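K.L.:
The following block contains the structure, expressed as structure tokens.
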Amino acid sequence: MENDEIVSKLGSLLENLDIKSSVDVKSSVDIKSSVDEATDSETANSLECPICLQYPNYPIELDNCKHVFCFLCIKGVCLRISRCPICRAEIPRDIAFAGITENQLLNGTGTKEVSKQSTDAYWYYEGYRGWWEYDSVTGSKIEQAFQSGEHKLNVYLFGYNYTINLDKMQQCREDSTNRVRKILRNEVQMDSDKKGVAGIFSTKNSDK
Amino acid sequence: MAGGLPKRILRETEKLLSEPVPGIDARPDENNARYFHVIVNGPKDTPFESGKFKMELFLPEDYPMTPPKLRFITKIYHPNIDQLGRICLDTLKDKWTPALTIRTVLLTVQGLLSAPNPDDPLANDVAAAWKANETKAIATARQWTRIYAQV
């Protein structure tokens, strides 16, 4: 999407939101200018997720309104209110509660690749009927903490804070639910055993 | 503070400092990156002109899924702002969406100073006074600006 197009879309968004006309549309778009991540240089002029303000990771386009978000970001929204953050169009709650498949991700925009060392491993959490791989960004954060000998770390996923306890190999959501899940480190990538990545079903295993 | 600071908050802060909103100074507290000290200049051609209004803004743990908490510290005579500095703005409540930012919220506050709306008051007597005698209310607002809104 071109910047101008984003600006014009944001313009109509702001109208919908009844924001006073003094709002400077261009400045609120926050088109990415700073490049602070390895992969950003390739995508410096491209899309930004309106929720995390970064290049969308596992991007998904909403069926009705065509707005694009990171899957994890829109899942976070969907857990609270099933409306598009841009235009308030209704969005299917399945995104958060049933998950999606790889095929539903937006074509032409890739998953954020995080540079992996040869010694790096893969991180999984136990979820609905099996193991799920963490998203690439969170996985590499956990691995980093693991390799530097930390006992625990906090990660921020779809609007919730989670504590990853590397001694107990557990993750715990820091809110009223305090739901605990087992986590797992694997030297090689699970293939047929994993359900998918971060709530996105792997299509290879969809028959399982 | 439990949890790291989400990248989004860092991004927003950087941007606010490098490209401030005209007429608004917002900077994070040196001990708490989720707490912002804000000074809003009263917009031109309003009873708040030449006033400097102190505000505080706090980003809750689950921001941006929930809206920032925002309050006037400086006393202000405005139909949509109560004695405790709480602001009646739907975007800070049920109309919040995570696509809004600190920047858009502050712009909306600036807009509210330019366009008081006594038909949607925050249960205070200012709105009643505003509707009963707008000229007098505006004079009072101007007087309060002179007395209280000088940093």
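In the structure tokens, chains take the letters A, B, ... in the order shown, each chain's residues start at 1, and ligands count up from 1 in the order shown.
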Please build the interface table for chain A against chain B with a cut-off of 6 Å, listing for each qualifying residue the nearest atom pair and the distance in Å to one decimal; count only C-alpha atoms, order rows by chain and increasing number, and write it as CSV.

P.N.:
residue,atom,partner,partner_atom,distance
A:Lys20,CA,B:Gly111,CA,5.7
A:Val23,CA,B:Leu107,CA,5.9
A:Pro50,CA,B:Ala99,CA,5.2
A:Ile51,CA,B:Ala99,CA,5.5
A:Cys52,CA,B:Arg8,CA,5.1
A:Leu53,CA,B:Arg8,CA,5.9
A:Pro85,CA,B:Thr97,CA,5.1
A:Asn154,CA,B:Gly3,CA,4.8
A:Gly159,CA,B:Asp62,CA,5.3
A:Asn161,CA,B:Gly3,CA,6.0

K.L.:
Write out as JSON, numbers by chain all residues of stretch 73-117 of chain B that DSSP puts in alpha helix (DSSP H) for this structure's backbone.

P.N.:
{"B": [102, 103, 104, 105, 106, 107, 108, 109, 110, 111, 112, 113, 114]}

K.L.:
Okay, now the selection with C-alpha atoms, as a PDB file, in the first residue's frame?

P.N.:
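To be explicit, this is the file written out as again19.pdb:
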ATOM      1  CA  ILE B 102      -0.997   9.423  22.461  1.00  0.00           C
ATOM      2  CA  ARG B 103      -0.601  11.960  19.675  1.00  0.00           C
ATOM      3  CA  THR B 104      -4.161  11.649  18.373  1.00  0.00           C
ATOM      4  CA  VAL B 105      -5.545  11.734  21.896  1.00  0.00           C
ATOM      5  CA  LEU B 106      -3.686  14.956  22.713  1.00  0.00           C
ATOM      6  CA  LEU B 107      -4.860  16.494  19.445  1.00  0.00           C
ATOM      7  CA  THR B 108      -8.394  15.608  20.419  1.00  0.00           C
ATOM      8  CA  VAL B 109      -7.940  17.336  23.769  1.00  0.00           C
ATOM      9  CA  GLN B 110      -6.688  20.424  21.948  1.00  0.00           C
ATOM     10  CA  GLY B 111      -9.799  20.181  19.780  1.00  0.00           C
ATOM     11  CA  LEU B 112     -11.986  19.986  22.864  1.00  0.00           C
ATOM     12  CA  LEU B 113     -10.493  23.234  24.172  1.00  0.00           C
ATOM     13  CA  SER B 114     -11.318  24.862  20.841  1.00  0.00           C
TER      14      SER B 114
END

K.L.:
Considering only C-alpha atoms, return as a list in words whatever protein or nucleic-acid residues lie within 9 Å of stretch 148-150 of chain B, sequence-local ones (same chain, fewer than 2 positions apart) excluded.

P.N.:
Gly42, Phe48, Ser50, Gly51, Lys52, Phe53, Lys54, Thr74, Lys75, Ile76, Gln143, Trp144, Thr145 and Arg146 of chain B

K.L.:
Print the selection's residues with N, CA, C and O atoms to a file, as a short mmCIF file (atom, residue, chain, number, x, y, z; two decimals), in the first residue's frame.

P.N.:
data_model
loop_
_atom_site.label_atom_id
_atom_site.label_comp_id
_atom_site.auth_asym_id
_atom_site.auth_seq_id
_atom_site.Cartn_x
_atom_site.Cartn_y
_atom_site.Cartn_z
N GLY B 42 -3.25 26.71 25.55
CA GLY B 42 -4.62 27.03 25.17
C GLY B 42 -4.66 27.53 23.72
O GLY B 42 -3.87 28.38 23.35
N PHE B 48 -9.12 30.04 26.45
CA PHE B 48 -7.96 29.38 27.08
C PHE B 48 -6.64 29.87 26.49
O PHE B 48 -5.57 29.42 26.88
N SER B 50 -3.32 31.65 25.59
CA SER B 50 -2.19 32.09 26.41
C SER B 50 -2.09 31.36 27.75
O SER B 50 -1.19 31.62 28.54
N GLY B 51 -2.99 30.40 27.98
CA GLY B 51 -2.87 29.56 29.17
C GLY B 51 -1.96 28.37 28.88
O GLY B 51 -1.86 27.92 27.75
N LYS B 52 -1.31 27.91 29.94
CA LYS B 52 -0.54 26.66 29.83
C LYS B 52 -1.14 25.68 30.81
O LYS B 52 -1.08 25.88 32.02
N PHE B 53 -1.73 24.62 30.27
CA PHE B 53 -2.48 23.68 31.09
C PHE B 53 -1.66 22.41 31.33
O PHE B 53 -1.32 21.71 30.38
N LYS B 54 -1.40 22.13 32.60
CA LYS B 54 -0.67 20.91 32.94
C LYS B 54 -1.64 19.74 32.94
O LYS B 54 -2.76 19.84 33.46
N THR B 74 -4.06 21.33 35.97
CA THR B 74 -4.41 22.74 36.10
C THR B 74 -5.92 22.90 36.10
O THR B 74 -6.62 22.26 35.31
N LYS B 75 -6.41 23.74 37.01
CA LYS B 75 -7.85 24.03 37.04
C LYS B 75 -8.28 24.67 35.73
O LYS B 75 -7.58 25.55 35.20
N ILE B 76 -9.39 24.25 35.20
CA ILE B 76 -9.87 24.80 33.93
C ILE B 76 -11.39 24.88 33.96
O ILE B 76 -12.05 23.98 34.49
N GLN B 143 -10.94 34.22 32.77
CA GLN B 143 -10.39 34.63 34.07
C GLN B 143 -9.64 33.47 34.73
O GLN B 143 -8.54 33.64 35.24
N TRP B 144 -10.23 32.27 34.68
CA TRP B 144 -9.56 31.09 35.26
C TRP B 144 -8.23 30.83 34.55
O TRP B 144 -7.25 30.46 35.16
N THR B 145 -8.24 31.01 33.24
CA THR B 145 -7.00 30.81 32.48
C THR B 145 -5.92 31.75 33.00
O THR B 145 -4.78 31.34 33.21
N ARG B 146 -6.33 33.04 33.21
CA ARG B 146 -5.36 34.03 33.70
C ARG B 146 -4.84 33.67 35.10
O ARG B 146 -3.67 33.82 35.40
#

K.L.:
When you draw a straight line from atom CA of B:Thr46 to atom CA of B:Lys93, how long is it in Å?

P.N.:
25.6 Å

K.L.:
What gap, in Å, lies between atom CA of B:Arg86 and atom CA of B:Leu10?

P.N.:
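A separation of 25.9 Å between them.
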
K.L.:
Rounded to one decimal, what separation in Å do you get between atom CA of B:Ile147 and atom CA of B:Ile24?

P.N.:
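So the answer is 20.1 Å.
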
K.L.:
Go through B:Pro28, B:Pro60, B:Pro22, B:Pro121 one by one, measure the shortest atom-to-atom distance of each to B:His78 using only C-alpha atoms, and give the residue with the smallest value.

P.N.:
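Of all the options, B:Pro121 lies closest to B:His78.
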
K.L.:
List every residue of stretch 48-89 of chain B that DSSP, applied to the backbone of this structure, places in strand (DSSP E or B), and write the result as JSON, numbers by chain.

P.N.:
{"B": [52, 53, 54, 55, 56, 57, 58, 69, 70, 71, 72, 78, 81, 86, 87]}

K.L.:
Taking all heavy atoms for each residue, export the selection above as a compact mmCIF listing (two decimals), in the first residue's frame.

P.N.:
# COMPACT_ATOMS: atom_id res chain seq x y z
N LYS B 52 -1.31 27.91 29.94
CA LYS B 52 -0.54 26.66 29.83
C LYS B 52 -1.14 25.68 30.81
O LYS B 52 -1.08 25.88 32.02
CB LYS B 52 0.93 26.90 30.12
CG LYS B 52 1.64 27.68 29.02
CD LYS B 52 3.14 27.69 29.24
CE LYS B 52 3.87 28.47 28.16
NZ LYS B 52 3.70 27.90 26.82
N PHE B 53 -1.73 24.62 30.27
CA PHE B 53 -2.48 23.68 31.09
C PHE B 53 -1.66 22.41 31.33
O PHE B 53 -1.32 21.71 30.38
CB PHE B 53 -3.82 23.36 30.44
CG PHE B 53 -4.70 24.56 30.32
CD1 PHE B 53 -4.62 25.38 29.20
CD2 PHE B 53 -5.59 24.89 31.33
CE1 PHE B 53 -5.42 26.51 29.09
CE2 PHE B 53 -6.39 26.02 31.24
CZ PHE B 53 -6.31 26.84 30.12
N LYS B 54 -1.40 22.13 32.60
CA LYS B 54 -0.67 20.91 32.94
C LYS B 54 -1.64 19.74 32.94
O LYS B 54 -2.76 19.84 33.46
CB LYS B 54 -0.08 21.02 34.34
CG LYS B 54 1.27 21.69 34.40
CD LYS B 54 1.90 21.40 35.76
CE LYS B 54 2.89 22.50 36.09
NZ LYS B 54 3.37 22.41 37.47
N MET B 55 -1.16 18.64 32.36
CA MET B 55 -1.96 17.42 32.38
C MET B 55 -1.06 16.25 32.76
O MET B 55 0.16 16.35 32.67
CB MET B 55 -2.54 17.13 30.99
CG MET B 55 -3.38 18.24 30.42
SD MET B 55 -4.10 17.75 28.84
CE MET B 55 -5.35 16.62 29.41
N GLU B 56 -1.68 15.15 33.16
CA GLU B 56 -0.91 13.92 33.34
C GLU B 56 -1.53 12.84 32.48
O GLU B 56 -2.75 12.80 32.29
CB GLU B 56 -0.83 13.50 34.81
CG GLU B 56 -2.17 13.30 35.47
CD GLU B 56 -2.05 12.92 36.94
OE1 GLU B 56 -0.92 12.85 37.45
OE2 GLU B 56 -3.11 12.70 37.57
N LEU B 57 -0.67 12.02 31.90
CA LEU B 57 -1.13 10.95 31.03
C LEU B 57 -0.44 9.67 31.45
O LEU B 57 0.77 9.66 31.68
CB LEU B 57 -0.78 11.29 29.57
CG LEU B 57 -1.23 10.31 28.49
CD1 LEU B 57 -1.56 11.07 27.21
CD2 LEU B 57 -0.18 9.26 28.18
N PHE B 58 -1.25 8.62 31.60
CA PHE B 58 -0.68 7.35 32.03
C PHE B 58 -1.09 6.23 31.08
O PHE B 58 -2.25 6.12 30.69
CB PHE B 58 -1.14 7.01 33.46
CG PHE B 58 -0.56 5.72 33.97
CD1 PHE B 58 0.79 5.63 34.29
CD2 PHE B 58 -1.36 4.60 34.10
CE1 PHE B 58 1.33 4.42 34.74
CE2 PHE B 58 -0.82 3.40 34.55
CZ PHE B 58 0.53 3.32 34.87
N LYS B 69 -4.87 6.92 30.31
CA LYS B 69 -5.61 7.71 31.31
C LYS B 69 -5.05 9.12 31.28
O LYS B 69 -3.84 9.31 31.32
CB LYS B 69 -5.45 7.08 32.69
CG LYS B 69 -6.04 5.69 32.77
CD LYS B 69 -6.09 5.20 34.20
CE LYS B 69 -6.46 3.74 34.30
NZ LYS B 69 -7.66 3.35 33.55
N LEU B 70 -5.97 10.08 31.18
CA LEU B 70 -5.54 11.45 30.94
C LEU B 70 -6.35 12.38 31.83
O LEU B 70 -7.55 12.19 32.00
CB LEU B 70 -5.82 11.76 29.46
CG LEU B 70 -5.35 13.07 28.87
CD1 LEU B 70 -3.85 13.19 28.97
CD2 LEU B 70 -5.75 13.12 27.40
N ARG B 71 -5.69 13.37 32.43
CA ARG B 71 -6.38 14.24 33.38
C ARG B 71 -5.71 15.61 33.38
O ARG B 71 -4.49 15.72 33.25
CB ARG B 71 -6.24 13.61 34.77
CG ARG B 71 -6.99 14.29 35.88
CD ARG B 71 -6.77 13.53 37.19
NE ARG B 71 -5.53 13.91 37.83
CZ ARG B 71 -5.42 14.97 38.67
NH1 ARG B 71 -6.47 15.70 38.95
NH2 ARG B 71 -4.27 15.27 39.22
N PHE B 72 -6.53 16.64 33.49
CA PHE B 72 -5.99 17.99 33.68
C PHE B 72 -5.55 18.15 35.13
O PHE B 72 -6.28 17.79 36.05
CB PHE B 72 -7.04 19.05 33.36
CG PHE B 72 -7.11 19.41 31.90
CD1 PHE B 72 -7.91 18.67 31.04
CD2 PHE B 72 -6.37 20.46 31.39
CE1 PHE B 72 -7.97 18.99 29.68
CE2 PHE B 72 -6.41 20.77 30.03
CZ PHE B 72 -7.22 20.04 29.18
N HIS B 78 -14.36 24.54 31.94
CA HIS B 78 -14.71 23.96 30.65
C HIS B 78 -15.85 22.97 30.86
O HIS B 78 -15.79 22.16 31.80
CB HIS B 78 -13.48 23.25 30.06
CG HIS B 78 -13.64 22.79 28.65
ND1 HIS B 78 -14.47 21.76 28.31
CD2 HIS B 78 -13.07 23.23 27.48
CE1 HIS B 78 -14.41 21.58 26.99
NE2 HIS B 78 -13.58 22.46 26.47
N ILE B 81 -14.90 19.21 31.26
CA ILE B 81 -13.82 18.83 32.17
C ILE B 81 -14.29 19.12 33.59
O ILE B 81 -14.76 20.22 33.88
CB ILE B 81 -12.53 19.61 31.84
CG1 ILE B 81 -12.10 19.32 30.40
CG2 ILE B 81 -11.41 19.24 32.82
CD1 ILE B 81 -11.12 20.31 29.82
N ARG B 86 -10.97 15.47 35.17
CA ARG B 86 -11.34 14.36 34.29
C ARG B 86 -12.03 14.90 33.05
O ARG B 86 -12.78 15.88 33.11
CB ARG B 86 -12.26 13.38 35.02
CG ARG B 86 -11.54 12.67 36.15
CD ARG B 86 -12.47 11.78 36.92
NE ARG B 86 -13.60 12.53 37.48
CZ ARG B 86 -14.46 12.04 38.36
NH1 ARG B 86 -14.35 10.79 38.76
NH2 ARG B 86 -15.45 12.78 38.83
N ILE B 87 -11.78 14.23 31.92
CA ILE B 87 -12.21 14.75 30.64
C ILE B 87 -13.31 13.88 30.05
O ILE B 87 -13.20 12.65 30.06
CB ILE B 87 -11.03 14.77 29.65
CG1 ILE B 87 -9.84 15.50 30.27
CG2 ILE B 87 -11.42 15.39 28.33
CD1 ILE B 87 -8.53 15.13 29.66

K.L.:
Set the distance at 6 Å and use only C-alpha atoms: which residues neighbour stretch 129-140 of chain A once local chain neighbours fewer than 4 positions away are removed? I'd like the list as number ranges by chain.

P.N.:
A: 123-125, 194-198

K.L.:
Can you pull out the residues contacting stretch 86-95 of chain A? Cut-off 8 Å, using only C-alpha atoms, and skip same-chain residues under 4 positions away; I want them as a PyMOL selection string.

P.N.:
(chain A and resi 10+13+16+62-65+67+74-75+78-79+82+99-100) or (chain B and resi 97+99)

K.L.:
Set the distance at 10 Å and use only C-alpha atoms: which residues neighbour B:Ala137 once local chain neighbours fewer than 4 positions away are removed? I'd like the list as a list in words.

P.N.:
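In the requested form, the answer reads Pro47, Tyr77, His78, Pro79, Val126, Ala127, Ala128, Ala129, Trp130, Lys131, Ala132, Asn133, Ala141, Arg142 and Gln143 of chain B.
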
K.L.:
With distances taken over only C-alpha atoms, which residue among B:Leu89, B:Ile138, B:Ile73, B:Leu59 lies nearest B:Asp29?

P.N.:
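Between B:Leu89, B:Ile138, B:Ile73, B:Leu59, the residue approaching B:Asp29 most closely is B:Leu59.
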
K.L.:
Neighbours of A:Cys49 within 9 Å (only C-alpha atoms; same-chain residues fewer than 5 positions away dropped), as a PyMOL selection string?

P.N.:
(chain A and resi 54-57+59+68-70+73) or (chain B and resi 99)

K.L.:
With all heavy atoms retained, export the selected residues as an mmCIF file, in the first residue's frame.

P.N.:
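The resulting file, again-v4.cif, is reproduced below:
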data_model
loop_
_atom_site.group_PDB
_atom_site.id
_atom_site.type_symbol
_atom_site.label_atom_id
_atom_site.label_comp_id
_atom_site.auth_asym_id
_atom_site.auth_seq_id
_atom_site.Cartn_x
_atom_site.Cartn_y
_atom_site.Cartn_z
ATOM 1 N N GLN A 54 4.682 -1.325 13.939
ATOM 2 C CA GLN A 54 5.844 -1.938 13.299
ATOM 3 C C GLN A 54 5.400 -2.677 12.039
ATOM 4 O O GLN A 54 4.208 -2.856 11.810
ATOM 5 C CB GLN A 54 6.507 -2.918 14.266
ATOM 6 C CG GLN A 54 7.182 -2.193 15.421
ATOM 7 C CD GLN A 54 7.484 -3.119 16.566
ATOM 8 O OE1 GLN A 54 8.399 -3.919 16.489
ATOM 9 N NE2 GLN A 54 6.695 -3.026 17.618
ATOM 10 N N TYR A 55 6.407 -3.108 11.288
ATOM 11 C CA TYR A 55 6.083 -3.889 10.090
ATOM 12 C C TYR A 55 5.293 -5.125 10.520
ATOM 13 O O TYR A 55 5.687 -5.814 11.453
ATOM 14 C CB TYR A 55 7.377 -4.290 9.378
ATOM 15 C CG TYR A 55 7.126 -5.058 8.113
ATOM 16 C CD1 TYR A 55 6.573 -4.411 7.010
ATOM 17 C CD2 TYR A 55 7.423 -6.415 8.039
ATOM 18 C CE1 TYR A 55 6.327 -5.118 5.853
ATOM 19 C CE2 TYR A 55 7.179 -7.125 6.872
ATOM 20 C CZ TYR A 55 6.627 -6.475 5.779
ATOM 21 O OH TYR A 55 6.376 -7.167 4.636
ATOM 22 N N PRO A 56 4.150 -5.383 9.867
ATOM 23 C CA PRO A 56 3.282 -6.457 10.355
ATOM 24 C C PRO A 56 3.961 -7.833 10.317
ATOM 25 O O PRO A 56 4.539 -8.214 9.311
ATOM 26 C CB PRO A 56 2.091 -6.430 9.399
ATOM 27 C CG PRO A 56 2.175 -5.157 8.672
ATOM 28 C CD PRO A 56 3.598 -4.712 8.687
ATOM 29 N N ASN A 57 3.869 -8.521 11.438
ATOM 30 C CA ASN A 57 4.380 -9.868 11.534
ATOM 31 C C ASN A 57 3.183 -10.816 11.403
ATOM 32 O O ASN A 57 2.183 -10.629 12.071
ATOM 33 C CB ASN A 57 5.059 -10.040 12.893
ATOM 34 C CG ASN A 57 6.034 -11.195 12.897
ATOM 35 O OD1 ASN A 57 6.387 -11.737 11.845
ATOM 36 N ND2 ASN A 57 6.485 -11.577 14.086
ATOM 37 N N PRO A 59 1.058 -11.019 8.815
ATOM 38 C CA PRO A 59 -0.008 -10.060 8.500
ATOM 39 C C PRO A 59 -1.295 -10.731 8.047
ATOM 40 O O PRO A 59 -1.257 -11.736 7.339
ATOM 41 C CB PRO A 59 0.592 -9.236 7.355
ATOM 42 C CG PRO A 59 1.624 -10.105 6.752
ATOM 43 C CD PRO A 59 2.162 -10.984 7.845
ATOM 44 N N VAL A 68 -5.182 -4.152 7.404
ATOM 45 C CA VAL A 68 -4.137 -5.148 7.645
ATOM 46 C C VAL A 68 -3.495 -4.949 9.021
ATOM 47 O O VAL A 68 -3.193 -3.821 9.420
ATOM 48 C CB VAL A 68 -3.061 -5.058 6.536
ATOM 49 C CG1 VAL A 68 -1.892 -6.003 6.832
ATOM 50 C CG2 VAL A 68 -3.671 -5.368 5.182
ATOM 51 N N PHE A 69 -3.305 -6.037 9.735
ATOM 52 C CA PHE A 69 -2.688 -6.014 11.067
ATOM 53 C C PHE A 69 -1.787 -7.232 11.215
ATOM 54 O O PHE A 69 -1.910 -8.191 10.473
ATOM 55 C CB PHE A 69 -3.773 -6.102 12.156
ATOM 56 C CG PHE A 69 -4.826 -5.048 12.049
ATOM 57 C CD1 PHE A 69 -5.983 -5.273 11.314
ATOM 58 C CD2 PHE A 69 -4.656 -3.825 12.669
ATOM 59 C CE1 PHE A 69 -6.948 -4.295 11.199
ATOM 60 C CE2 PHE A 69 -5.626 -2.848 12.563
ATOM 61 C CZ PHE A 69 -6.772 -3.075 11.821
ATOM 62 N N CYS A 70 -0.915 -7.197 12.221
ATOM 63 C CA CYS A 70 -0.259 -8.424 12.643
ATOM 64 C C CYS A 70 -1.348 -9.367 13.150
ATOM 65 O O CYS A 70 -2.273 -8.918 13.831
ATOM 66 C CB CYS A 70 0.673 -8.213 13.829
ATOM 67 S SG CYS A 70 1.959 -7.022 13.617
ATOM 68 N N CYS A 73 -1.559 -8.952 16.919
ATOM 69 C CA CYS A 73 -2.164 -7.678 17.345
ATOM 70 C C CYS A 73 -3.679 -7.725 17.217
ATOM 71 O O CYS A 73 -4.398 -7.330 18.134
ATOM 72 C CB CYS A 73 -1.602 -6.522 16.520
ATOM 73 S SG CYS A 73 0.085 -6.088 16.951
ATOM 74 N N ALA B 99 -5.930 1.800 17.370
ATOM 75 C CA ALA B 99 -5.313 2.512 16.250
ATOM 76 C C ALA B 99 -5.093 3.982 16.604
ATOM 77 O O ALA B 99 -4.407 4.704 15.879
ATOM 78 C CB ALA B 99 -6.176 2.384 14.996
#
